[in-house]
$ cat run-v4.pdb   # PDB, C-alpha atoms, pLDDT in the B column
ATOM      1  CA  MET A   1      16.651  -2.436   0.740  1.00 95.00           C
ATOM      2  CA  LYS A   2      13.654  -1.004  -0.989  1.00 96.00           C
ATOM      3  CA  GLN A   3      10.514  -1.855  -2.855  1.00 98.00           C
ATOM      4  CA  ALA A   4       9.384  -0.140  -6.061  1.00 98.00           C
ATOM      5  CA  ILE A   5       5.759   0.097  -7.088  1.00 98.00           C
ATOM      6  CA  LEU A   6       5.018   1.127 -10.666  1.00 98.00           C
ATOM      7  CA  ALA A   7       1.597   2.521 -11.516  1.00 98.00           C
ATOM      8  CA  ARG A   8      -0.083   3.473 -14.788  1.00 98.00           C
ATOM      9  CA  SER A   9      -0.630   7.164 -15.383  1.00 97.00           C
ATOM     10  CA  ASP A  10      -3.138   6.637 -18.217  1.00 97.00           C
ATOM     11  CA  LEU A  11      -6.111   5.447 -16.163  1.00 96.00           C
ATOM     12  CA  GLY A  12      -7.163   8.658 -14.425  1.00 94.00           C
ATOM     13  CA  MET A  13      -7.212   6.993 -11.015  1.00 95.00           C
ATOM     14  CA  THR A  14      -8.083   9.197  -8.048  1.00 95.00           C
ATOM     15  CA  PRO A  15      -5.347   9.511  -5.384  1.00 96.00           C
ATOM     16  CA  GLY A  16      -7.247   7.079  -3.153  1.00 96.00           C
ATOM     17  CA  LYS A  17      -7.726   4.517  -5.925  1.00 96.00           C
ATOM     18  CA  LEU A  18      -4.058   4.776  -6.856  1.00 97.00           C
ATOM     19  CA  ALA A  19      -3.063   4.332  -3.212  1.00 98.00           C
ATOM     20  CA  ALA A  20      -5.203   1.196  -2.820  1.00 97.00           C
ATOM     21  CA  GLN A  21      -3.733  -0.355  -5.983  1.00 97.00           C
ATOM     22  CA  VAL A  22      -0.196   0.507  -4.875  1.00 98.00           C
ATOM     23  CA  ALA A  23      -0.844  -1.071  -1.458  1.00 98.00           C
ATOM     24  CA  HIS A  24      -2.155  -4.170  -3.190  1.00 97.00           C
ATOM     25  CA  ALA A  25       1.005  -4.474  -5.326  1.00 98.00           C
ATOM     26  CA  SER A  26       3.218  -3.773  -2.330  1.00 98.00           C
ATOM     27  CA  LEU A  27       1.727  -6.555  -0.221  1.00 97.00           C
ATOM     28  CA  SER A  28       1.630  -9.045  -3.108  1.00 97.00           C
ATOM     29  CA  ALA A  29       5.302  -8.554  -4.012  1.00 97.00           C
ATOM     30  CA  TYR A  30       6.270  -8.616  -0.317  1.00 97.00           C
ATOM     31  CA  LEU A  31       4.555 -11.991   0.149  1.00 96.00           C
ATOM     32  CA  LYS A  32       6.684 -13.463  -2.667  1.00 96.00           C
ATOM     33  CA  VAL A  33      10.052 -12.863  -0.990  1.00 97.00           C
ATOM     34  CA  ASP A  34      11.564 -15.097   1.704  1.00 97.00           C
ATOM     35  CA  SER A  35      10.875 -14.331   5.352  1.00 97.00           C
ATOM     36  CA  ASN A  36      14.435 -13.182   6.026  1.00 97.00           C
ATOM     37  CA  THR A  37      14.245 -10.532   3.285  1.00 97.00           C
ATOM     38  CA  GLN A  38      10.815  -9.492   4.602  1.00 97.00           C
ATOM     39  CA  LYS A  39      12.252  -9.037   8.077  1.00 97.00           C
ATOM     40  CA  ILE A  40      15.304  -7.040   6.976  1.00 97.00           C
ATOM     41  CA  TRP A  41      13.173  -4.709   4.842  1.00 97.00           C
ATOM     42  CA  ARG A  42      10.623  -4.161   7.628  1.00 95.00           C
ATOM     43  CA  LYS A  43      13.327  -3.358  10.177  1.00 94.00           C
ATOM     44  CA  ASP A  44      14.952  -1.048   7.655  1.00 91.00           C
ATOM     45  CA  GLY A  45      11.766   1.074   7.541  1.00 91.00           C
ATOM     46  CA  GLN A  46       9.833  -0.556   4.670  1.00 93.00           C
ATOM     47  CA  THR A  47      11.202   1.891   2.105  1.00 94.00           C
ATOM     48  CA  LYS A  48       8.899   2.179  -0.906  1.00 95.00           C
ATOM     49  CA  ILE A  49       8.972   4.358  -3.984  1.00 96.00           C
ATOM     50  CA  VAL A  50       6.040   4.861  -6.291  1.00 97.00           C
ATOM     51  CA  LEU A  51       6.836   5.456  -9.952  1.00 98.00           C
ATOM     52  CA  LYS A  52       4.882   6.355 -13.030  1.00 98.00           C
ATOM     53  CA  VAL A  53       4.633   4.340 -16.230  1.00 98.00           C
ATOM     54  CA  SER A  54       2.634   5.291 -19.302  1.00 97.00           C
ATOM     55  CA  ASP A  55       0.599   2.138 -19.898  1.00 97.00           C
ATOM     56  CA  LYS A  56      -0.037  -1.548 -19.357  1.00 97.00           C
ATOM     57  CA  ASP A  57       2.679  -2.699 -21.756  1.00 98.00           C
ATOM     58  CA  ALA A  58       5.294  -0.870 -19.691  1.00 97.00           C
ATOM     59  CA  LEU A  59       4.195  -2.738 -16.558  1.00 98.00           C
ATOM     60  CA  PHE A  60       4.701  -6.084 -18.275  1.00 98.00           C
ATOM     61  CA  GLU A  61       8.097  -4.996 -19.635  1.00 97.00           C
ATOM     62  CA  PHE A  62       9.303  -4.058 -16.148  1.00 98.00           C
ATOM     63  CA  LYS A  63       7.905  -7.298 -14.751  1.00 98.00           C
ATOM     64  CA  LYS A  64      10.035  -9.224 -17.228  1.00 97.00           C
ATOM     65  CA  ILE A  65      13.129  -7.182 -16.359  1.00 97.00           C
ATOM     66  CA  ALA A  66      12.573  -7.772 -12.629  1.00 97.00           C
ATOM     67  CA  GLU A  67      12.113 -11.498 -13.120  1.00 96.00           C
ATOM     68  CA  ASN A  68      15.237 -11.680 -15.306  1.00 96.00           C
ATOM     69  CA  ASN A  69      17.050 -10.166 -12.306  1.00 95.00           C
ATOM     70  CA  ARG A  70      15.417 -12.773 -10.040  1.00 95.00           C
ATOM     71  CA  ILE A  71      13.467 -10.121  -8.146  1.00 96.00           C
ATOM     72  CA  SER A  72       9.894 -10.749  -7.001  1.00 94.00           C
ATOM     73  CA  ALA A  73       7.307  -9.017  -9.169  1.00 97.00           C
ATOM     74  CA  SER A  74       3.529  -8.853  -8.819  1.00 98.00           C
ATOM     75  CA  ILE A  75       1.123  -7.458 -11.383  1.00 98.00           C
ATOM     76  CA  ILE A  76      -2.212  -6.230  -9.973  1.00 97.00           C
ATOM     77  CA  GLN A  77      -5.565  -6.485 -11.725  1.00 94.00           C
ATOM     78  CA  ASP A  78      -8.325  -4.347 -10.274  1.00 91.00           C
ATOM     79  CA  ALA A  79     -11.459  -6.178  -9.177  1.00 82.00           C
ATOM     80  CA  GLY A  80     -13.413  -3.435 -10.935  1.00 76.00           C
ATOM     81  CA  ARG A  81     -15.934  -2.716  -8.213  1.00 72.00           C
ATOM     82  CA  THR A  82     -15.341   1.024  -8.594  1.00 74.00           C
ATOM     83  CA  GLN A  83     -13.921   3.456 -11.174  1.00 82.00           C
ATOM     84  CA  LEU A  84     -12.175   0.925 -13.485  1.00 88.00           C
ATOM     85  CA  GLU A  85     -13.332  -1.864 -15.782  1.00 88.00           C
ATOM     86  CA  PRO A  86     -13.067  -5.312 -14.131  1.00 88.00           C
ATOM     87  CA  GLY A  87      -9.673  -6.861 -14.793  1.00 91.00           C
ATOM     88  CA  THR A  88      -7.849  -3.607 -15.507  1.00 96.00           C
ATOM     89  CA  ILE A  89      -4.093  -3.983 -14.930  1.00 97.00           C
ATOM     90  CA  THR A  90      -3.071  -1.115 -12.643  1.00 98.00           C
ATOM     91  CA  THR A  91       0.233  -1.608 -10.819  1.00 98.00           C
ATOM     92  CA  LEU A  92       3.384  -3.702 -10.482  1.00 98.00           C
ATOM     93  CA  GLY A  93       5.227  -4.334  -7.227  1.00 98.00           C
ATOM     94  CA  ILE A  94       8.965  -5.102  -7.448  1.00 98.00           C
ATOM     95  CA  GLY A  95      10.915  -6.359  -4.452  1.00 97.00           C
ATOM     96  CA  PRO A  96      11.857  -5.669  -1.680  1.00 98.00           C
ATOM     97  CA  ALA A  97      15.436  -6.204  -2.811  1.00 97.00           C
ATOM     98  CA  GLU A  98      18.822  -4.514  -2.541  1.00 96.00           C
ATOM     99  CA  ASP A  99      18.725  -0.796  -3.371  1.00 96.00           C
ATOM    100  CA  SER A 100      21.255  -1.098  -6.184  1.00 96.00           C
ATOM    101  CA  ILE A 101      19.301  -3.814  -8.005  1.00 96.00           C
ATOM    102  CA  ILE A 102      16.011  -1.918  -7.721  1.00 97.00           C
ATOM    103  CA  ASP A 103      17.681   1.326  -8.814  1.00 96.00           C
ATOM    104  CA  ASP A 104      19.145  -0.377 -11.885  1.00 96.00           C
ATOM    105  CA  ILE A 105      15.713  -1.642 -12.909  1.00 96.00           C
ATOM    106  CA  ILE A 106      13.726   1.551 -12.417  1.00 95.00           C
ATOM    107  CA  CYS A 107      16.462   4.098 -13.124  1.00 85.00           C
ATOM    108  CA  ASP A 108      14.725   6.421 -15.555  1.00 88.00           C
ATOM    109  CA  LEU A 109      11.159   6.354 -14.272  1.00 97.00           C
ATOM    110  CA  PRO A 110       9.630   9.526 -12.794  1.00 97.00           C
ATOM    111  CA  LEU A 111       8.143   9.614  -9.303  1.00 95.00           C
ATOM    112  CA  TYR A 112       4.362   9.479  -9.209  1.00 96.00           C
TER     113      TYR A 112
ATOM    114  CA  MET B 113     -13.666  -8.572   4.872  1.00 95.00           C
ATOM    115  CA  LYS B 114     -11.957  -5.307   4.207  1.00 96.00           C
ATOM    116  CA  GLN B 115      -9.203  -3.024   5.351  1.00 98.00           C
ATOM    117  CA  ALA B 116      -9.546   0.745   5.759  1.00 98.00           C
ATOM    118  CA  ILE B 117      -6.636   3.124   5.448  1.00 98.00           C
ATOM    119  CA  LEU B 118      -7.145   6.673   6.693  1.00 98.00           C
ATOM    120  CA  ALA B 119      -4.844   9.416   5.419  1.00 98.00           C
ATOM    121  CA  ARG B 120      -4.407  13.077   6.343  1.00 98.00           C
ATOM    122  CA  SER B 121      -5.548  15.601   3.764  1.00 97.00           C
ATOM    123  CA  ASP B 122      -3.687  18.520   5.392  1.00 97.00           C
ATOM    124  CA  LEU B 123      -0.126  17.568   4.422  1.00 96.00           C
ATOM    125  CA  GLY B 124      -0.163  18.273   0.683  1.00 94.00           C
ATOM    126  CA  MET B 125       1.270  14.850  -0.133  1.00 95.00           C
ATOM    127  CA  THR B 126       1.774  14.044  -3.802  1.00 95.00           C
ATOM    128  CA  PRO B 127      -0.238  11.045  -5.094  1.00 96.00           C
ATOM    129  CA  GLY B 128       2.915   8.893  -4.992  1.00 96.00           C
ATOM    130  CA  LYS B 129       3.796   9.928  -1.461  1.00 96.00           C
ATOM    131  CA  LEU B 130       0.235   9.286  -0.315  1.00 97.00           C
ATOM    132  CA  ALA B 131       0.298   5.861  -1.989  1.00 98.00           C
ATOM    133  CA  ALA B 132       3.552   4.873  -0.279  1.00 97.00           C
ATOM    134  CA  GLN B 133       2.215   5.914   3.143  1.00 97.00           C
ATOM    135  CA  VAL B 134      -1.051   4.059   2.540  1.00 98.00           C
ATOM    136  CA  ALA B 135       0.880   0.920   1.525  1.00 98.00           C
ATOM    137  CA  HIS B 136       2.955   1.239   4.687  1.00 97.00           C
ATOM    138  CA  ALA B 137      -0.177   1.425   6.875  1.00 98.00           C
ATOM    139  CA  SER B 138      -1.816  -1.415   4.974  1.00 98.00           C
ATOM    140  CA  LEU B 139       1.097  -3.810   5.502  1.00 97.00           C
ATOM    141  CA  SER B 140       1.587  -2.805   9.147  1.00 97.00           C
ATOM    142  CA  ALA B 141      -2.065  -3.365  10.087  1.00 97.00           C
ATOM    143  CA  TYR B 142      -2.134  -6.608   8.082  1.00 97.00           C
ATOM    144  CA  LEU B 143       0.856  -7.958  10.017  1.00 96.00           C
ATOM    145  CA  LYS B 144      -1.013  -7.398  13.299  1.00 96.00           C
ATOM    146  CA  VAL B 145      -3.902  -9.762  12.527  1.00 97.00           C
ATOM    147  CA  ASP B 146      -3.780 -13.541  12.897  1.00 97.00           C
ATOM    148  CA  SER B 147      -2.726 -15.680   9.941  1.00 97.00           C
ATOM    149  CA  ASN B 148      -6.215 -17.067   9.400  1.00 97.00           C
ATOM    150  CA  THR B 149      -7.686 -13.563   9.023  1.00 97.00           C
ATOM    151  CA  GLN B 150      -4.794 -12.662   6.705  1.00 97.00           C
ATOM    152  CA  LYS B 151      -5.541 -15.673   4.532  1.00 97.00           C
ATOM    153  CA  ILE B 152      -9.299 -15.078   4.306  1.00 97.00           C
ATOM    154  CA  TRP B 153      -8.800 -11.429   3.381  1.00 97.00           C
ATOM    155  CA  ARG B 154      -6.183 -12.232   0.733  1.00 95.00           C
ATOM    156  CA  LYS B 155      -8.377 -14.894  -0.871  1.00 94.00           C
ATOM    157  CA  ASP B 156     -11.283 -12.456  -0.757  1.00 90.00           C
ATOM    158  CA  GLY B 157      -9.336 -10.021  -2.979  1.00 91.00           C
ATOM    159  CA  GLN B 158      -7.555  -7.849  -0.375  1.00 93.00           C
ATOM    160  CA  THR B 159     -10.305  -5.220  -0.414  1.00 94.00           C
ATOM    161  CA  LYS B 160      -8.995  -1.852   0.734  1.00 95.00           C
ATOM    162  CA  ILE B 161     -10.575   1.565   0.959  1.00 96.00           C
ATOM    163  CA  VAL B 162      -8.650   4.784   1.379  1.00 97.00           C
ATOM    164  CA  LEU B 163     -10.364   7.547   3.320  1.00 98.00           C
ATOM    165  CA  LYS B 164      -9.647  11.153   4.109  1.00 98.00           C
ATOM    166  CA  VAL B 165      -9.268  12.691   7.556  1.00 98.00           C
ATOM    167  CA  SER B 166      -8.494  16.325   8.273  1.00 97.00           C
ATOM    168  CA  ASP B 167      -5.531  16.036  10.624  1.00 97.00           C
ATOM    169  CA  LYS B 168      -3.352  14.035  12.984  1.00 97.00           C
ATOM    170  CA  ASP B 169      -5.792  14.194  15.892  1.00 98.00           C
ATOM    171  CA  ALA B 170      -8.442  12.470  13.781  1.00 97.00           C
ATOM    172  CA  LEU B 171      -6.052   9.585  13.062  1.00 98.00           C
ATOM    173  CA  PHE B 172      -5.501   9.025  16.774  1.00 98.00           C
ATOM    174  CA  GLU B 173      -9.233   9.224  17.474  1.00 97.00           C
ATOM    175  CA  PHE B 174      -9.978   6.535  14.887  1.00 98.00           C
ATOM    176  CA  LYS B 175      -7.100   4.418  16.213  1.00 98.00           C
ATOM    177  CA  LYS B 176      -8.735   4.500  19.643  1.00 97.00           C
ATOM    178  CA  ILE B 177     -12.142   3.591  18.200  1.00 97.00           C
ATOM    179  CA  ALA B 178     -10.628   0.663  16.269  1.00 97.00           C
ATOM    180  CA  GLU B 179      -8.804  -0.641  19.311  1.00 96.00           C
ATOM    181  CA  ASN B 180     -11.952  -0.322  21.421  1.00 96.00           C
ATOM    182  CA  ASN B 181     -13.570  -2.598  18.825  1.00 95.00           C
ATOM    183  CA  ARG B 182     -10.582  -4.978  19.089  1.00 95.00           C
ATOM    184  CA  ILE B 183      -9.545  -4.308  15.504  1.00 96.00           C
ATOM    185  CA  SER B 184      -5.864  -4.042  14.537  1.00 94.00           C
ATOM    186  CA  ALA B 185      -4.736  -0.460  14.001  1.00 97.00           C
ATOM    187  CA  SER B 186      -1.351   0.881  12.888  1.00 98.00           C
ATOM    188  CA  ILE B 187      -0.325   4.522  12.878  1.00 98.00           C
ATOM    189  CA  ILE B 188       2.440   5.407  10.395  1.00 97.00           C
ATOM    190  CA  GLN B 189       5.150   7.994  10.947  1.00 95.00           C
ATOM    191  CA  ASP B 190       7.046   9.070   7.865  1.00 91.00           C
ATOM    192  CA  ALA B 191      10.808   8.588   7.945  1.00 82.00           C
ATOM    193  CA  GLY B 192      11.055  12.099   6.508  1.00 76.00           C
ATOM    194  CA  ARG B 193      13.559  11.423   3.778  1.00 72.00           C
ATOM    195  CA  THR B 194      11.423  13.315   1.274  1.00 74.00           C
ATOM    196  CA  GLN B 195       8.637  15.932   1.287  1.00 82.00           C
ATOM    197  CA  LEU B 196       7.638  15.730   4.987  1.00 88.00           C
ATOM    198  CA  GLU B 197       9.332  16.564   8.267  1.00 89.00           C
ATOM    199  CA  PRO B 198      10.846  13.470   9.951  1.00 88.00           C
ATOM    200  CA  GLY B 199       8.323  11.814  12.245  1.00 91.00           C
ATOM    201  CA  THR B 200       5.229  13.248  10.582  1.00 96.00           C
ATOM    202  CA  ILE B 201       2.167  11.105  11.299  1.00 97.00           C
ATOM    203  CA  THR B 202       0.562  10.359   7.928  1.00 98.00           C
ATOM    204  CA  THR B 203      -1.800   7.379   7.888  1.00 98.00           C
ATOM    205  CA  LEU B 204      -3.685   4.794   9.931  1.00 98.00           C
ATOM    206  CA  GLY B 205      -4.390   1.232   8.812  1.00 98.00           C
ATOM    207  CA  ILE B 206      -7.444  -0.503  10.305  1.00 98.00           C
ATOM    208  CA  GLY B 207      -8.058  -4.223   9.856  1.00 97.00           C
ATOM    209  CA  PRO B 208      -8.586  -6.391   7.818  1.00 98.00           C
ATOM    210  CA  ALA B 209     -11.795  -7.228   9.669  1.00 97.00           C
ATOM    211  CA  GLU B 210     -15.427  -7.963   8.922  1.00 96.00           C
ATOM    212  CA  ASP B 211     -17.030  -5.443   6.563  1.00 96.00           C
ATOM    213  CA  SER B 212     -19.741  -4.478   9.030  1.00 96.00           C
ATOM    214  CA  ILE B 213     -17.278  -3.641  11.814  1.00 96.00           C
ATOM    215  CA  ILE B 214     -15.060  -1.575   9.517  1.00 97.00           C
ATOM    216  CA  ASP B 215     -18.101   0.200   8.052  1.00 96.00           C
ATOM    217  CA  ASP B 216     -19.336   1.092  11.529  1.00 96.00           C
ATOM    218  CA  ILE B 217     -15.987   2.654  12.394  1.00 96.00           C
ATOM    219  CA  ILE B 218     -15.421   4.683   9.236  1.00 95.00           C
ATOM    220  CA  CYS B 219     -19.033   5.365   8.268  1.00 85.00           C
ATOM    221  CA  ASP B 220     -18.937   9.102   7.636  1.00 89.00           C
ATOM    222  CA  LEU B 221     -15.479   9.542   6.172  1.00 97.00           C
ATOM    223  CA  PRO B 222     -15.109  10.616   2.529  1.00 97.00           C
ATOM    224  CA  LEU B 223     -13.092   8.610   0.011  1.00 95.00           C
ATOM    225  CA  TYR B 224      -9.658  10.010  -0.725  1.00 96.00           C
TER     226      TYR B 224
END

$ encode --input "run-v4.pdb" --output "structure tokens"
Amino acid sequence: MKQAILARSDLGMTPGKLAAQVAHASLSAYLKVDSNTQKIWRKDGQTKIVLKVSDKDALFEFKKIAENNRISASIIQDAGRTQLEPGTITTLGIGPAEDSIIDDIICDLPLY
Amino acid sequence: MKQAILARSDLGMTPGKLAAQVAHASLSAYLKVDSNTQKIWRKDGQTKIVLKVSDKDALFEFKKIAENNRISASIIQDAGRTQLEPGTITTLGIGPAEDSIIDDIICDLPLY
């Protein structure tokens, strides 16, 4: 099992800002799956991959694809206290779910 | 309420690798607090800050300080599938807890 977190590369986020937004997406998507899936993924080492998308539209496209595959998906809006405008869409968490399903969804995206 | 995640700056992690390790620490520390604290923090916007420490020893020092303040603290070891040696200590999640307690613990650390 794994979780994928997609993040925009067009916002100029610092590494720390990116990391906080990724953590936010990770937890939000995790909380949407059933407790058995949560448990299996945690015991399996909480595998996560962080991938780059070009813009906001791409995040929404991948959210739709994930939902069409019945995989949990959480879009994150930054609260805008620092660096970004309030309400900026930053990241998308997908899963955890079976490796093969996640891989099919994110196949061509580069690592962040 | 807020959560602090401390990450080593001496490992040369890529932004994506850093983000995955921060997300790992965030979820692990979150799972150690009671469900009421979890709920309050989530409703409050899941505030997280990502801070820089110089090395592994610093992570263990801050873990001790957090635990002395009775705050949840989770040290993360990388599985070592990519980039880092297996078992490398990468990050420390602290809290969520009251802002003032977290601020007292991490006061002088720079943002990542």

$ resolve_selection --input "run-v4.pdb" --expression "the ChimeraX specification (/B :<9) & /A" --output "list of chain:residue names"
A:Ile5, A:Thr14, A:Pro15, A:Gly16, A:Lys17, A:Leu18, A:Ala19, A:Ala20, A:Gln21, A:Val22, A:Ala23, A:His24, A:Ala25, A:Ser26, A:Leu27, A:Gly45, A:Gln46, A:Thr47, A:Lys48, A:Ile49, A:Val50, A:Leu51, A:Lys52, A:Ala79, A:Leu111, A:Tyr112

$ write_last_selection --input "run-v4.pdb" --atoms "C-alpha atoms" --output "PDB file, in the coordinates of the input"
ATOM      1  CA  ILE A   5       5.759   0.097  -7.088  1.00 98.00           C
ATOM      2  CA  THR A  14      -8.083   9.197  -8.048  1.00 95.00           C
ATOM      3  CA  PRO A  15      -5.347   9.511  -5.384  1.00 96.00           C
ATOM      4  CA  GLY A  16      -7.247   7.079  -3.153  1.00 96.00           C
ATOM      5  CA  LYS A  17      -7.726   4.517  -5.925  1.00 96.00           C
ATOM      6  CA  LEU A  18      -4.058   4.776  -6.856  1.00 97.00           C
ATOM      7  CA  ALA A  19      -3.063   4.332  -3.212  1.00 98.00           C
ATOM      8  CA  ALA A  20      -5.203   1.196  -2.820  1.00 97.00           C
ATOM      9  CA  GLN A  21      -3.733  -0.355  -5.983  1.00 97.00           C
ATOM     10  CA  VAL A  22      -0.196   0.507  -4.875  1.00 98.00           C
ATOM     11  CA  ALA A  23      -0.844  -1.071  -1.458  1.00 98.00           C
ATOM     12  CA  HIS A  24      -2.155  -4.170  -3.190  1.00 97.00           C
ATOM     13  CA  ALA A  25       1.005  -4.474  -5.326  1.00 98.00           C
ATOM     14  CA  SER A  26       3.218  -3.773  -2.330  1.00 98.00           C
ATOM     15  CA  LEU A  27       1.727  -6.555  -0.221  1.00 97.00           C
ATOM     16  CA  GLY A  45      11.766   1.074   7.541  1.00 91.00           C
ATOM     17  CA  GLN A  46       9.833  -0.556   4.670  1.00 93.00           C
ATOM     18  CA  THR A  47      11.202   1.891   2.105  1.00 94.00           C
ATOM     19  CA  LYS A  48       8.899   2.179  -0.906  1.00 95.00           C
ATOM     20  CA  ILE A  49       8.972   4.358  -3.984  1.00 96.00           C
ATOM     21  CA  VAL A  50       6.040   4.861  -6.291  1.00 97.00           C
ATOM     22  CA  LEU A  51       6.836   5.456  -9.952  1.00 98.00           C
ATOM     23  CA  LYS A  52       4.882   6.355 -13.030  1.00 98.00           C
ATOM     24  CA  ALA A  79     -11.459  -6.178  -9.177  1.00 82.00           C
ATOM     25  CA  LEU A 111       8.143   9.614  -9.303  1.00 95.00           C
ATOM     26  CA  TYR A 112       4.362   9.479  -9.209  1.00 96.00           C
TER      27      TYR A 112
END

$ atom_distance --input "run-v4.pdb" --atom1 "CA of Gln150 in chain B" --atom2 "CA of Met113 in chain B"
9.9 Å

$ residues_around --input "run-v4.pdb" --residues "Arg182 in chain B" --least-positions-apart "6" --cutoff "10 Å" --atoms "only C-alpha atoms" --output "PDB file with C-alpha atoms, keeping the file's coordinate frame"
ATOM      1  CA  LYS B 176      -8.735   4.500  19.643  1.00 97.00           C
ATOM      2  CA  GLY B 207      -8.058  -4.223   9.856  1.00 97.00           C
ATOM      3  CA  ALA B 209     -11.795  -7.228   9.669  1.00 97.00           C
ATOM      4  CA  ILE B 213     -17.278  -3.641  11.814  1.00 96.00           C
TER       5      ILE B 213
END

$ atom_distance --input "run-v4.pdb" --atom1 "CA of Glu67 in chain A" --atom2 "CA of Leu109 in chain A"
17.9 Å

$ residues_around --input "run-v4.pdb" --residues "Ala58 in chain A" --least-positions-apart "4" --cutoff "12 Å" --atoms "all atoms listed in the file" --output "number ranges by chain"
A: 6-10, 51-54, 62-65, 75, 89-92, 106, 109

$ atom_distance --input "run-v4.pdb" --atom1 "CA of Leu84 in chain A" --atom2 "CA of Gln115 in chain B"
19.5 Å

$ axis_aligned_box --input "run-v4.pdb" --around "range 188-202 of chain B" --padding-each-side "3 Å" --output "JSON"
{"center_x": 7.1, "center_y": 11.0, "center_z": 6.8, "size_x": 19.0, "size_y": 17.2, "size_z": 17.0}

$ closest_residue --input "run-v4.pdb" --among "A:Asn68, A:Thr88, A:Pro96, A:Asp108" --to "Ser35 in chain A" --atoms "only C-alpha atoms"
A:Pro96

$ closest_residue --input "run-v4.pdb" --among "B:Lys168, B:Leu123, B:Lys114, B:Ala141" --to "Lys155 in chain B" --atoms "all atoms listed in the file"
B:Lys114
